[in-house]
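Chemist: As input, take data.txt (compact mmCIF, C-alpha atoms):
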```txt
# COMPACT_ATOMS: atom_id res chain seq x y z
CA MET N 24 55.79 22.44 -44.49
CA LEU N 25 53.65 21.07 -47.29
CA ASP N 26 49.88 21.51 -47.03
CA VAL N 27 49.11 17.83 -47.46
CA GLY N 28 45.38 18.31 -46.96
CA ARG N 29 45.26 20.61 -49.97
CA ILE N 30 47.62 18.41 -51.98
CA LYS N 31 45.43 15.34 -51.45
CA GLN N 32 42.50 17.16 -52.99
CA ASP N 33 44.47 17.33 -56.26
CA PHE N 34 44.56 13.51 -56.55
CA PRO N 35 41.13 12.23 -57.59
CA ILE N 36 42.04 8.55 -57.25
CA LEU N 37 42.68 8.97 -53.52
CA GLY N 38 39.00 9.72 -52.94
CA GLN N 39 37.94 6.15 -53.68
CA GLN N 40 37.56 3.19 -51.37
CA VAL N 41 39.24 -0.21 -51.63
CA HIS N 42 37.56 -3.09 -49.78
CA SER N 43 35.28 -0.53 -48.11
CA ARG N 44 38.27 1.37 -46.73
CA ARG N 45 39.68 4.70 -47.83
CA LEU N 46 42.56 4.06 -50.20
CA VAL N 47 45.99 4.51 -48.64
CA TYR N 48 48.47 4.38 -51.52
CA LEU N 49 52.00 3.44 -50.45
CA ASP N 50 53.44 2.15 -53.74
CA ASN N 51 54.91 5.35 -55.10
CA ALA N 52 58.27 3.78 -55.93
CA ALA N 53 56.47 1.65 -58.51
CA THR N 54 54.40 4.51 -59.90
CA THR N 55 52.88 7.65 -58.46
CA GLN N 56 49.28 8.75 -58.68
CA LYS N 57 48.52 11.74 -60.90
CA PRO N 58 47.21 15.11 -59.77
CA ARG N 59 44.27 16.70 -61.52
CA GLN N 60 46.61 19.22 -63.13
CA VAL N 61 48.38 16.44 -65.07
CA ILE N 62 45.15 14.69 -66.02
CA ASP N 63 43.66 17.99 -67.23
CA ALA N 64 46.77 18.76 -69.28
CA LEU N 65 46.49 15.41 -71.05
CA VAL N 66 42.80 15.90 -71.84
CA ARG N 67 43.38 19.52 -72.89
CA TYR N 68 46.02 18.46 -75.42
CA TYR N 69 43.67 16.01 -77.11
CA GLU N 70 40.76 18.45 -77.03
CA THR N 71 42.59 21.53 -78.29
CA THR N 72 46.03 20.82 -79.76
CA ASN N 73 46.29 17.27 -81.09
CA ALA N 74 48.78 17.30 -83.99
CA ASN N 75 52.10 15.77 -84.93
CA ILE N 76 55.22 17.74 -84.04
CA HIS N 77 58.34 18.99 -85.85
CA ARG N 78 56.64 18.42 -89.22
CA GLY N 79 53.66 20.60 -90.05
CA ILE N 80 53.54 24.39 -90.21
CA HIS N 81 49.82 24.70 -89.60
CA THR N 82 48.65 26.24 -86.33
CA LEU N 83 47.99 23.06 -84.35
CA ALA N 84 51.32 21.51 -85.39
CA VAL N 85 53.22 24.61 -84.31
CA GLN N 86 51.37 24.77 -80.98
CA ALA N 87 51.99 21.09 -80.26
CA THR N 88 55.68 21.43 -81.14
CA ASP N 89 56.09 24.48 -78.92
CA GLN N 90 54.41 22.75 -75.98
CA TYR N 91 56.48 19.60 -76.45
CA GLU N 92 59.77 21.50 -76.59
CA ASP N 93 58.77 23.59 -73.59
CA VAL N 94 58.71 20.40 -71.53
CA ARG N 95 62.27 19.66 -72.63
CA THR N 96 63.24 22.97 -71.01
CA LYS N 97 61.34 22.05 -67.83
CA ALA N 98 63.03 18.64 -67.70
CA ALA N 99 66.44 20.27 -67.95
CA ALA N 100 65.60 22.75 -65.20
CA HIS N 101 64.38 19.99 -62.89
CA ILE N 102 67.83 18.36 -62.83
CA GLY N 103 69.92 21.52 -63.05
CA ALA N 104 70.97 21.02 -66.68
CA SER N 105 71.88 24.22 -68.52
CA ASN N 106 70.98 23.18 -72.08
CA PRO N 107 67.61 21.61 -72.99
CA GLN N 108 69.23 20.17 -76.13
CA ASP N 109 71.08 17.72 -73.88
CA ILE N 110 67.71 16.17 -72.96
CA VAL N 111 66.40 13.17 -74.93
CA PHE N 112 62.86 11.94 -74.40
CA THR N 113 62.52 8.15 -74.09
CA ARG N 114 59.77 5.85 -72.83
CA ASN N 115 61.25 5.35 -69.34
CA THR N 116 64.50 5.05 -67.39
CA THR N 117 64.97 1.55 -68.78
CA GLU N 118 65.02 2.84 -72.34
CA SER N 119 67.34 5.67 -71.36
CA ILE N 120 69.87 3.17 -70.02
CA ASN N 121 69.48 0.93 -73.06
CA LEU N 122 70.04 3.93 -75.32
CA VAL N 123 73.40 4.58 -73.68
CA ALA N 124 74.32 0.89 -73.77
CA ARG N 125 73.68 0.76 -77.51
CA ALA N 126 74.56 4.23 -78.76
CA TRP N 127 77.61 4.78 -76.53
CA GLY N 128 78.55 1.31 -75.30
CA ASP N 129 78.72 -0.51 -78.63
CA THR N 130 81.23 2.03 -79.90
CA ASN N 131 83.34 2.58 -76.81
CA LEU N 132 83.65 -0.84 -75.16
CA GLY N 133 85.65 -3.86 -76.26
CA GLU N 134 87.10 -7.14 -75.08
CA GLY N 135 88.17 -7.00 -71.44
CA ASP N 136 86.86 -3.50 -70.74
CA GLU N 137 84.99 -3.24 -67.46
CA ILE N 138 81.60 -1.89 -66.42
CA VAL N 139 81.19 -1.31 -62.69
CA LEU N 140 77.72 -1.66 -61.17
CA SER N 141 76.46 -2.35 -57.64
CA LEU N 142 74.53 -5.20 -56.06
CA MET N 143 71.65 -2.83 -55.27
CA GLU N 144 70.81 -2.12 -58.92
CA HIS N 145 67.38 -2.51 -60.48
CA HIS N 146 67.38 -5.06 -63.29
CA SER N 147 67.10 -2.15 -65.72
CA ASN N 148 70.60 -1.13 -64.72
CA ILE N 149 71.98 -4.66 -64.98
CA VAL N 150 70.49 -6.45 -67.98
CA PRO N 151 71.41 -3.81 -70.63
CA TRP N 152 75.04 -4.05 -69.51
CA GLN N 153 74.93 -7.85 -69.54
CA LEU N 154 73.72 -7.68 -73.14
CA LEU N 155 76.44 -5.15 -73.97
CA ALA N 156 79.07 -7.40 -72.37
CA ARG N 157 77.83 -10.29 -74.49
CA ARG N 158 78.15 -8.19 -77.65
CA THR N 159 81.54 -6.67 -76.90
CA GLY N 160 83.39 -9.01 -74.55
CA ALA N 161 83.31 -6.46 -71.74
CA VAL N 162 83.25 -7.61 -68.11
CA LEU N 163 80.86 -6.61 -65.31
CA ARG N 164 82.11 -5.85 -61.80
CA PHE N 165 79.80 -5.34 -58.81
CA ILE N 166 80.25 -3.14 -55.75
CA ASP N 167 78.79 -4.70 -52.61
CA PHE N 168 76.91 -2.80 -49.92
CA ARG N 169 77.47 -2.89 -46.18
CA ASP N 170 75.11 -4.47 -43.69
CA ASP N 171 73.65 -1.05 -42.94
CA GLY N 172 72.60 -0.70 -46.59
CA THR N 173 75.22 1.86 -47.60
CA LEU N 174 77.52 1.32 -50.56
CA ASP N 175 80.98 -0.08 -49.81
CA LEU N 176 83.10 2.80 -51.08
CA ASP N 177 86.36 1.09 -50.13
CA GLN N 178 85.47 -1.78 -52.44
CA ALA N 179 84.41 0.72 -55.10
CA ARG N 180 87.86 2.29 -55.03
CA GLY N 181 89.39 -1.12 -55.54
CA LEU N 182 87.11 -2.07 -58.43
CA ILE N 183 87.24 1.18 -60.41
CA GLY N 184 90.55 1.15 -62.26
CA GLU N 185 92.35 1.38 -65.56
CA ARG N 186 90.10 -1.20 -67.26
CA THR N 187 86.93 0.59 -66.19
CA LYS N 188 85.09 2.35 -69.01
CA LEU N 189 81.77 2.99 -67.29
CA VAL N 190 80.35 3.13 -63.79
CA SER N 191 76.56 2.84 -63.74
CA ILE N 192 74.94 3.37 -60.36
CA VAL N 193 71.52 3.92 -58.86
CA HIS N 194 71.14 7.29 -57.15
CA MET N 195 68.47 6.08 -54.70
CA SER N 196 67.79 2.37 -54.22
CA ASN N 197 64.22 1.31 -54.89
CA VAL N 198 64.57 -1.35 -52.18
CA LEU N 199 66.96 -0.06 -49.51
CA GLY N 200 66.16 3.61 -49.98
CA THR N 201 69.92 4.24 -49.88
CA ILE N 202 71.06 7.52 -51.41
CA ASN N 203 74.42 6.78 -52.98
CA PRO N 204 77.35 9.27 -52.97
CA VAL N 205 77.22 9.91 -56.70
CA ALA N 206 79.62 12.86 -56.68
CA GLU N 207 82.30 10.76 -54.98
CA LEU N 208 81.78 7.92 -57.44
CA ALA N 209 82.02 10.42 -60.30
CA GLU N 210 85.44 11.49 -59.06
CA MET N 211 86.58 7.86 -58.91
CA ALA N 212 85.26 7.12 -62.40
CA HIS N 213 86.75 10.23 -63.99
CA ALA N 214 90.11 9.65 -62.31
CA ALA N 215 90.16 6.27 -64.05
CA GLY N 216 89.15 7.80 -67.39
CA ALA N 217 85.65 6.30 -67.18
CA LEU N 218 82.18 7.80 -67.47
CA LEU N 219 79.40 7.68 -64.85
CA LEU N 220 75.75 6.95 -65.58
CA VAL N 221 73.17 7.56 -62.86
CA ASP N 222 69.83 5.78 -62.60
CA GLY N 223 67.73 8.61 -61.20
CA ALA N 224 64.34 6.87 -61.35
CA GLN N 225 63.86 7.14 -57.58
CA SER N 226 65.84 10.31 -56.89
CA ALA N 227 64.48 12.77 -59.44
CA PRO N 228 60.94 12.57 -57.97
CA HIS N 229 62.02 13.01 -54.36
CA LEU N 230 65.32 14.93 -54.09
CA PRO N 231 66.71 18.20 -55.37
CA VAL N 232 68.96 17.06 -58.24
CA ASP N 233 71.73 19.02 -59.93
CA VAL N 234 73.61 16.97 -62.51
CA THR N 235 76.47 19.47 -62.52
CA GLN N 236 77.04 19.05 -58.80
CA LEU N 237 76.69 15.27 -59.10
CA GLY N 238 79.40 15.26 -61.76
CA CYS N 239 77.75 12.48 -63.74
CA ASP N 240 77.92 12.01 -67.52
CA PHE N 241 74.46 10.48 -68.03
CA PHE N 242 71.32 10.77 -65.90
CA GLY N 243 68.02 8.99 -66.60
CA PHE N 244 64.60 9.15 -64.96
CA SER N 245 60.91 8.42 -65.55
CA LEU N 246 57.93 10.76 -65.35
CA HIS N 247 55.43 8.15 -64.15
CA LYS N 248 57.34 7.98 -60.87
CA MET N 249 57.08 11.74 -60.36
CA LEU N 250 53.36 12.48 -60.81
CA GLY N 251 53.49 12.36 -64.62
CA PRO N 252 51.98 9.98 -67.17
CA THR N 253 53.38 6.60 -68.08
CA GLY N 254 55.47 6.18 -71.21
CA VAL N 255 57.77 9.20 -70.75
CA GLY N 256 61.41 8.94 -69.77
CA VAL N 257 64.31 11.37 -69.86
CA LEU N 258 67.97 10.91 -70.64
CA TRP N 259 70.39 13.75 -69.95
CA ALA N 260 73.94 13.59 -71.27
CA LYS N 261 76.87 15.86 -70.54
CA PRO N 262 77.32 18.40 -73.34
CA GLY N 263 79.09 16.90 -76.34
CA LEU N 264 78.39 13.25 -75.59
CA LEU N 265 75.20 12.96 -77.63
CA GLU N 266 76.94 14.44 -80.67
CA GLU N 267 79.55 11.68 -80.51
CA MET N 268 77.01 8.84 -80.26
CA GLU N 269 75.35 6.95 -83.08
CA PRO N 270 71.53 6.84 -83.23
CA PHE N 271 69.72 4.23 -81.19
CA LEU N 272 66.73 3.94 -83.57
CA GLY N 273 66.36 4.82 -87.23
CA GLY N 274 63.34 6.31 -88.99
CA GLY N 275 61.53 9.56 -89.43
CA GLU N 276 62.47 12.77 -87.65
CA MET N 277 65.98 11.62 -86.67
CA ILE N 278 67.42 12.26 -90.14
CA ALA N 279 68.75 15.31 -91.96
CA ILE N 280 69.14 13.96 -95.51
CA VAL N 281 68.18 10.53 -96.87
CA LYS N 282 69.75 9.23 -100.10
CA PRO N 283 69.75 5.72 -101.57
CA GLU N 284 73.33 5.18 -100.48
CA GLY N 285 72.88 6.43 -96.93
CA SER N 286 71.58 9.08 -94.57
CA THR N 287 72.82 11.84 -92.33
CA TRP N 288 71.41 12.54 -88.90
CA ALA N 289 69.46 15.42 -87.43
CA ASP N 290 71.01 17.54 -84.72
CA VAL N 291 70.70 16.38 -81.11
CA PRO N 292 68.46 15.64 -79.38
CA HIS N 293 66.26 14.78 -82.38
CA LYS N 294 68.87 12.30 -83.63
CA PHE N 295 67.68 10.01 -80.83
CA GLU N 296 63.92 10.55 -81.13
CA ALA N 297 62.93 8.53 -84.19
CA GLY N 298 59.30 8.45 -85.30
CA THR N 299 56.26 10.07 -83.75
CA PRO N 300 56.97 10.37 -80.01
CA ASN N 301 54.59 10.15 -77.08
CA ILE N 302 53.48 13.73 -77.65
CA ALA N 303 50.44 13.90 -75.40
CA ASP N 304 52.10 12.37 -72.36
CA VAL N 305 55.25 14.46 -72.75
CA ILE N 306 53.14 17.62 -72.83
CA ALA N 307 51.14 16.46 -69.79
CA SER N 308 54.47 15.81 -68.05
CA GLY N 309 55.02 19.54 -68.14
CA ALA N 310 52.24 19.88 -65.57
CA ALA N 311 54.05 17.39 -63.31
CA PHE N 312 57.26 19.40 -63.50
CA ASP N 313 55.27 22.56 -62.73
CA TYR N 314 53.55 20.93 -59.77
CA LEU N 315 56.81 19.84 -58.16
CA ARG N 316 58.50 23.14 -58.92
CA GLU N 317 55.71 25.03 -57.16
CA LEU N 318 56.01 22.79 -54.11
CA GLY N 319 59.80 23.07 -54.11
CA MET N 320 61.98 19.96 -54.14
CA ASP N 321 63.62 20.96 -50.85
CA SER N 322 60.17 20.94 -49.23
CA VAL N 323 59.33 17.62 -50.88
CA ARG N 324 62.52 16.11 -49.47
CA GLU N 325 61.93 17.40 -45.93
CA HIS N 326 58.33 16.18 -45.96
CA GLU N 327 59.32 12.69 -47.06
CA LYS N 328 62.13 12.50 -44.50
CA ALA N 329 59.54 13.10 -41.77
CA ILE N 330 57.18 10.44 -43.11
CA THR N 331 60.03 7.95 -43.53
CA ALA N 332 61.25 8.52 -39.97
CA TYR N 333 57.73 7.98 -38.65
CA ALA N 334 57.26 4.82 -40.73
CA MET N 335 60.55 3.26 -39.63
CA ASP N 336 59.92 4.13 -35.99
CA SER N 337 56.48 2.49 -36.20
CA LEU N 338 57.74 -0.64 -37.97
CA GLN N 339 60.53 -1.13 -35.45
CA ARG N 340 57.90 -1.34 -32.68
CA ILE N 341 56.41 -4.46 -34.27
CA PRO N 342 57.97 -7.72 -32.99
CA GLY N 343 59.72 -9.73 -35.70
CA VAL N 344 60.00 -6.90 -38.23
CA SER N 345 63.37 -6.05 -39.78
CA ILE N 346 63.94 -2.94 -41.90
CA HIS N 347 66.38 -3.21 -44.80
CA GLY N 348 68.58 -0.22 -45.55
CA PRO N 349 69.91 2.75 -43.61
CA LEU N 350 67.99 3.81 -40.51
CA ASP N 351 69.25 7.39 -40.81
CA VAL N 352 66.79 9.40 -42.93
CA GLU N 353 69.64 11.63 -44.09
CA GLN N 354 71.09 8.61 -45.91
CA ARG N 355 67.90 7.31 -47.47
CA GLY N 356 64.69 8.13 -49.29
CA GLY N 357 61.10 7.13 -48.67
CA ALA N 358 61.15 3.55 -49.97
CA VAL N 359 61.06 1.39 -46.85
CA SER N 360 61.45 -2.37 -47.35
CA PHE N 361 60.97 -4.76 -44.47
CA SER N 362 60.74 -8.44 -43.58
CA MET N 363 58.57 -10.07 -40.91
CA ASP N 364 59.54 -13.34 -39.23
CA CYS N 365 56.05 -14.78 -39.15
CA ALA N 366 54.72 -13.79 -42.58
CA HIS N 367 55.69 -13.91 -46.25
CA PRO N 368 55.77 -10.50 -47.98
CA HIS N 369 52.99 -11.55 -50.37
CA ASP N 370 50.75 -12.43 -47.43
CA ILE N 371 51.50 -9.10 -45.78
CA SER N 372 50.58 -7.23 -48.94
CA THR N 373 47.34 -9.20 -49.31
CA ILE N 374 46.35 -8.62 -45.69
CA VAL N 375 46.94 -4.87 -45.74
CA ASP N 376 45.22 -4.60 -49.12
CA GLY N 377 42.12 -5.84 -47.32
CA HIS N 378 42.37 -2.67 -45.27
CA GLY N 379 42.66 -0.47 -48.35
CA VAL N 380 46.44 -0.10 -48.10
CA ALA N 381 48.53 -0.54 -51.27
CA ILE N 382 52.12 -1.68 -50.74
CA ARG N 383 54.53 -3.67 -52.91
CA ALA N 384 55.71 -7.21 -52.24
CA GLY N 385 58.31 -9.18 -54.19
CA HIS N 386 61.92 -8.85 -55.30
CA HIS N 387 61.25 -5.36 -56.72
CA CYS N 388 63.24 -6.14 -59.89
CA ALA N 389 66.35 -6.44 -57.74
CA GLN N 390 67.16 -10.14 -57.46
CA LEU N 391 70.89 -9.56 -56.86
CA LEU N 392 70.03 -7.40 -53.88
CA MET N 393 67.59 -9.98 -52.49
CA ARG N 394 70.23 -12.70 -52.67
CA ARG N 395 72.67 -10.41 -50.89
CA LEU N 396 70.07 -9.88 -48.14
CA GLY N 397 69.34 -13.59 -47.99
CA VAL N 398 65.60 -13.18 -48.50
CA PRO N 399 63.33 -14.21 -51.39
CA ALA N 400 61.35 -10.98 -51.28
CA THR N 401 60.41 -8.03 -49.07
CA SER N 402 57.40 -5.89 -48.35
CA ARG N 403 57.81 -2.23 -49.28
CA GLY N 404 55.96 0.93 -48.46
CA SER N 405 57.02 3.96 -50.48
CA PHE N 406 55.91 7.50 -49.83
CA ALA N 407 55.22 10.70 -51.73
CA ILE N 408 53.84 14.16 -51.18
CA GLN N 409 50.18 13.18 -50.71
CA ARG N 410 50.79 11.16 -47.51
CA ARG N 411 50.66 12.49 -43.98
CA CYS N 412 50.96 10.77 -40.60
CA ARG N 413 50.30 11.19 -36.91
CA CYS N 414 53.63 12.81 -36.25
CA ALA N 415 53.12 16.53 -35.83
CA HIS N 416 56.17 16.55 -33.56
CA ARG N 417 58.21 15.68 -36.67
CA GLY N 418 56.77 18.56 -38.63
CA VAL N 419 53.97 16.73 -40.46
CA ALA N 420 50.31 17.56 -39.96
CA ALA N 421 48.12 15.02 -38.14
CA CYS N 422 46.14 12.71 -40.37
CA GLU N 423 42.57 11.46 -40.42
CA GLU N 424 43.21 7.97 -41.83
CA ASP N 425 42.91 4.90 -39.64
CA VAL N 426 46.07 3.58 -41.29
CA CYS N 427 48.99 5.93 -41.95
```
The structure in this file should be written as structure tokens.

Modeler:
Amino acid sequence: MLDVGRIKQDFPILGQQVHSRRLVYLDNAATTQKPRQVIDALVRYYETTNANIHRGIHTLAVQATDQYEDVRTKAAAHIGASNPQDIVFTRNTTESINLVARAWGDTNLGEGDEIVLSLMEHHSNIVPWQLLARRTGAVLRFIDFRDDGTLDLDQARGLIGERTKLVSIVHMSNVLGTINPVAELAEMAHAAGALLLVDGAQSAPHLPVDVTQLGCDFFGFSLHKMLGPTGVGVLWAKPGLLEEMEPFLGGGEMIAIVKPEGSTWADVPHKFEAGTPNIADVIASGAAFDYLRELGMDSVREHEKAITAYAMDSLQRIPGVSIHGPLDVEQRGGAVSFSMDCAHPHDISTIVDGHGVAIRAGHHCAQLLMRRLGVPATSRGSFAIQRRCRCAHRGVAACEEDVC
């Protein structure tokens, strides 16, 4: 069991009041708050190590480079990847997906080829493929989800076929909380000769992830959703894929030799990291990886299952409230979206904000999903390690807040 009382002390922002109430932050699917360890790492870099990387041979440059590359190793370990050189740093999951769409998609897709997505995708896993389809003549196909919020695997089997070149799927829905059967989808994709990309923006912060067991070919996630700073994303690719892909951006650092008539590229992953990167925030991200590793992702998952079960049980006791997504915590993560008959989601968010409670309201960058649900928007509470509730019988310590 996580010691949530101790964990909360690591998050300075949670000590403040909002509208004269103690802040209760339930918008972790949008971005997580940062523990003191991450904040200190960011300040420490600027105070002691600030230098550009991969260029200078003076002491600060070498120290900064070593610290930056050490985080690449931590990122690989977090998702069970064996080789840190298969990790590319980006700005966020969105850029990771766009990198694949450009660097892999432009070369490997043509007229009539198919990209299979689902109706529960975030816009970041839809729009890049729409743009790719416009450039190449490829066609998008969409897997529906069942009324219980789980993916329709029978339809998936019918859609993934000989024309399929790529399946791109969210691991954990940011609206429904659904955890999709990625390994099964990987088998379908590979049997059809296609690749599988996984949007891990919501899963990497909350679940134990092993890309080898998932069987995917690409996996992207963002550090700001897992206790780290903003502006840092990760793209993992199966060994050999990055070598085959053309660069996404051109400039400094990503080259080997530049001549008037052309250039050759640096080895991976540097081929995809043009220009001065977000050095400080990448290095501070190392503290986020350390923090989660020390807690243990299995413990994080069990803790959030208990909170999610408590939240859904409490919401279902309110007349007129409907929860979207699976009701079984084994099938879902801690993003709980709901609708209320008598109130618009924006009004709900405004009302609870008056009590110091931060939740999300809107379409959550998932308009296809909202249309499928038949609602304009939902309210969403999303949980992380620093929350605890009055549910000791579920294995979570009792809390002191008036609102859980």

Chemist: Could you make a table, as CSV, of the residues of stretch 267-359 of chain N that have an atom within 7 Å of an atom of stretch 65-88 of chain N, each with its nearest atom pair and distance in Å to one decimal, counting all atoms listed in the file, in chain and number order?

Modeler:
```
residue,atom,partner,partner_atom,distance
N:Ala303,CA,N:Leu65,CA,6.1
N:Asp304,CA,N:Leu65,CA,6.5
N:Ala307,CA,N:Leu65,CA,4.9
```

Chemist: Name the residues, using the chain letters and numbers of the file, that sit within 10 Å of (56.7, 14.3, -59.3) when counting only C-alpha atoms, and give them as a list in words.

Modeler: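 The residues near that point, listed by chain and number, are Thr55, Gln56, Lys57, Pro58, Ala227, Pro228, His229, Ser245, Leu246, His247, Lys248, Met249, Leu250, Gly251, Ser308, Ala310, Ala311, Phe312, Asp313, Tyr314, Leu315, Arg316, Leu318, Met320, Val323, Ala407 and Ile408 of chain N.
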
Chemist: Which distance in Å separates atom CA of N:Ala389 and atom CA of N:His146, to one decimal?

Modeler: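 Straight-line distance from atom CA of N:Ala389 to atom CA of N:His146 works out to 5.8 Å.
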
Chemist: Please build the interface table for stretch 172-275 of chain N against stretch 123-135 of chain N with a cut-off of 7 Å, listing for each qualifying residue the nearest atom pair and the distance in Å to one decimal; count all atoms listed in the file, order rows by chain and increasing number, and write it as CSV.

Modeler:
```
residue,atom,partner,partner_atom,distance
N:Met268,CA,N:Ala126,CA,5.4
N:Glu269,CA,N:Ala126,CA,5.2
N:Pro270,CA,N:Ala126,CA,6.0
N:Phe271,CA,N:Ala126,CA,5.4
```

Chemist: Between N:Leu230, N:Val205, N:Val305, N:Leu49, which residue has the minimum interatomic distance to N:Ser322, considering only C-alpha atoms?

Modeler: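 That would be N:Leu230, the residue with the smallest distance to N:Ser322.
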
Chemist: Which one is closest to N:Phe242: N:Arg394, N:Arg186, N:His213, N:His101? Count only C-alpha atoms.

Modeler: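 Smallest distance to N:Phe242 is found for N:His101.
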
Chemist: Calculated over all atoms listed in the file, which of the candidates N:His194, N:Leu199, N:Gly254, N:Leu272 has the smallest distance to N:Ser345?

Modeler: N:Leu199

Chemist: Looking at N:Gly223, N:Gly200, N:Gly184, N:Gly273, which one is nearest to N:Lys328, with distances taken over all atoms listed in the file?

Modeler: N:Gly200

Chemist: Kindly indicate which residue among N:Asp167, N:Ser286, N:Ser402, N:Asp89 lies nearest to N:Val375, using all atoms listed in the file for the distances.

Modeler: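 Selected residue with least distance to N:Val375: N:Ser402.
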
Chemist: Would you work out the distance separating atom CA of N:Arg180 from atom CA of N:Phe361, expressed in Å to one decimal?

Modeler: 29.7 Å

Chemist: Could you jot down the atom CA of N:Val352 to atom CA of N:Ile192 separation for me, Å, one decimal place?

Modeler: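 Those two atoms sit 20.2 Å apart.
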
Chemist: Out of N:Arg395, N:Arg403, N:His386, N:Arg324, which residue has the shortest atom-to-atom distance to N:Met24 when counting all atoms listed in the file?

Modeler: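 With all atoms listed in the file as the atom set, the closest residue is N:Arg324.
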
Chemist: Excluding same-chain residues fewer than 6 positions from N:Leu265, what lies within 12 Å of it counting all atoms listed in the file, as a list in words?

Modeler: Gln108, Asp109, Ile110, Val111, Leu122, Val123, Ala126, Trp127, Asp240, Phe241, Leu258, Trp259, Phe271, Trp288, Ala289, Asp290, Val291, Pro292, His293, Lys294 and Phe295 of chain N

Chemist: Those residues you just picked out, can you put them in a file as an mmCIF file, in the coordinates of the input with C-alpha atoms?

Modeler:
```
data_model
loop_
_atom_site.group_PDB
_atom_site.id
_atom_site.type_symbol
_atom_site.label_atom_id
_atom_site.label_comp_id
_atom_site.auth_asym_id
_atom_site.auth_seq_id
_atom_site.Cartn_x
_atom_site.Cartn_y
_atom_site.Cartn_z
ATOM 1 C CA GLN N 108 69.230 20.170 -76.130
ATOM 2 C CA ASP N 109 71.080 17.720 -73.880
ATOM 3 C CA ILE N 110 67.710 16.170 -72.960
ATOM 4 C CA VAL N 111 66.400 13.170 -74.930
ATOM 5 C CA LEU N 122 70.040 3.930 -75.320
ATOM 6 C CA VAL N 123 73.400 4.580 -73.680
ATOM 7 C CA ALA N 126 74.560 4.230 -78.760
ATOM 8 C CA TRP N 127 77.610 4.780 -76.530
ATOM 9 C CA ASP N 240 77.920 12.010 -67.520
ATOM 10 C CA PHE N 241 74.460 10.480 -68.030
ATOM 11 C CA LEU N 258 67.970 10.910 -70.640
ATOM 12 C CA TRP N 259 70.390 13.750 -69.950
ATOM 13 C CA PHE N 271 69.720 4.230 -81.190
ATOM 14 C CA TRP N 288 71.410 12.540 -88.900
ATOM 15 C CA ALA N 289 69.460 15.420 -87.430
ATOM 16 C CA ASP N 290 71.010 17.540 -84.720
ATOM 17 C CA VAL N 291 70.700 16.380 -81.110
ATOM 18 C CA PRO N 292 68.460 15.640 -79.380
ATOM 19 C CA HIS N 293 66.260 14.780 -82.380
ATOM 20 C CA LYS N 294 68.870 12.300 -83.630
ATOM 21 C CA PHE N 295 67.680 10.010 -80.830
#
```

Chemist: Please identify all polymer residues within 12 Å of N:His367, counting only C-alpha atoms, omitting same-chain residues fewer than 2 positions from it, and present them as a PyMOL selection string.

Modeler: chain N and resi 344+361-365+369-374+384-385+398-402

Chemist: Which centre and edge lengths in Å to one decimal define the box along x, y and z that fits every listed atom of stretch 355-363 of chain N plus 5 Å per side, as AutoDock Vina command-line options?

Modeler:
```
--center_x 63.2 --center_y -1.0 --center_z -45.4 --size_x 19.3 --size_y 28.2 --size_z 19.1
```

Chemist: At a cut-off of 10 Å, using all atoms listed in the file, what residues contact N:Asp170? Leave out same-chain residues fewer than 6 positions from it and give the result as a ChimeraX atom specification.

Modeler: /N:347-349,395-396

Chemist: Start from the incomplete input, build N, CA and C atoms for stretch 99-108 of chain N, and deliver everything as a PDB file, in the frame of the given file.

Modeler:
```pdb
ATOM      1  N   ALA N  99      65.077  19.830 -68.208  1.00  0.00           N
ATOM      2  CA  ALA N  99      66.440  20.270 -67.950  1.00  0.00           C
ATOM      3  C   ALA N  99      66.530  21.042 -66.639  1.00  0.00           C
ATOM      4  N   ALA N 100      65.587  21.942 -66.424  1.00  0.00           N
ATOM      5  CA  ALA N 100      65.600  22.750 -65.200  1.00  0.00           C
ATOM      6  C   ALA N 100      65.443  21.885 -63.960  1.00  0.00           C
ATOM      7  N   HIS N 101      64.643  20.838 -64.057  1.00  0.00           N
ATOM      8  CA  HIS N 101      64.380  19.990 -62.890  1.00  0.00           C
ATOM      9  C   HIS N 101      65.654  19.326 -62.381  1.00  0.00           C
ATOM     10  N   ILE N 102      66.591  19.041 -63.259  1.00  0.00           N
ATOM     11  CA  ILE N 102      67.830  18.360 -62.830  1.00  0.00           C
ATOM     12  C   ILE N 102      69.045  19.274 -62.922  1.00  0.00           C
ATOM     13  N   GLY N 103      68.816  20.570 -63.072  1.00  0.00           N
ATOM     14  CA  GLY N 103      69.920  21.520 -63.050  1.00  0.00           C
ATOM     15  C   GLY N 103      70.773  21.522 -64.297  1.00  0.00           C
ATOM     16  N   ALA N 104      70.221  21.031 -65.416  1.00  0.00           N
ATOM     17  CA  ALA N 104      70.970  21.020 -66.680  1.00  0.00           C
ATOM     18  C   ALA N 104      70.821  22.369 -67.368  1.00  0.00           C
ATOM     19  N   SER N 105      71.889  22.871 -67.945  1.00  0.00           N
ATOM     20  CA  SER N 105      71.880  24.220 -68.520  1.00  0.00           C
ATOM     21  C   SER N 105      71.297  24.266 -69.918  1.00  0.00           C
ATOM     22  N   ASN N 106      71.388  23.169 -70.671  1.00  0.00           N
ATOM     23  CA  ASN N 106      70.980  23.180 -72.080  1.00  0.00           C
ATOM     24  C   ASN N 106      69.898  22.144 -72.339  1.00  0.00           C
ATOM     25  N   PRO N 107      68.675  22.567 -72.687  1.00  0.00           N
ATOM     26  CA  PRO N 107      67.610  21.610 -72.990  1.00  0.00           C
ATOM     27  C   PRO N 107      67.952  20.657 -74.129  1.00  0.00           C
ATOM     28  N   GLN N 108      68.871  21.037 -75.011  1.00  0.00           N
ATOM     29  CA  GLN N 108      69.230  20.170 -76.130  1.00  0.00           C
ATOM     30  C   GLN N 108      70.029  18.948 -75.689  1.00  0.00           C
TER      31      GLN N 108
END
```
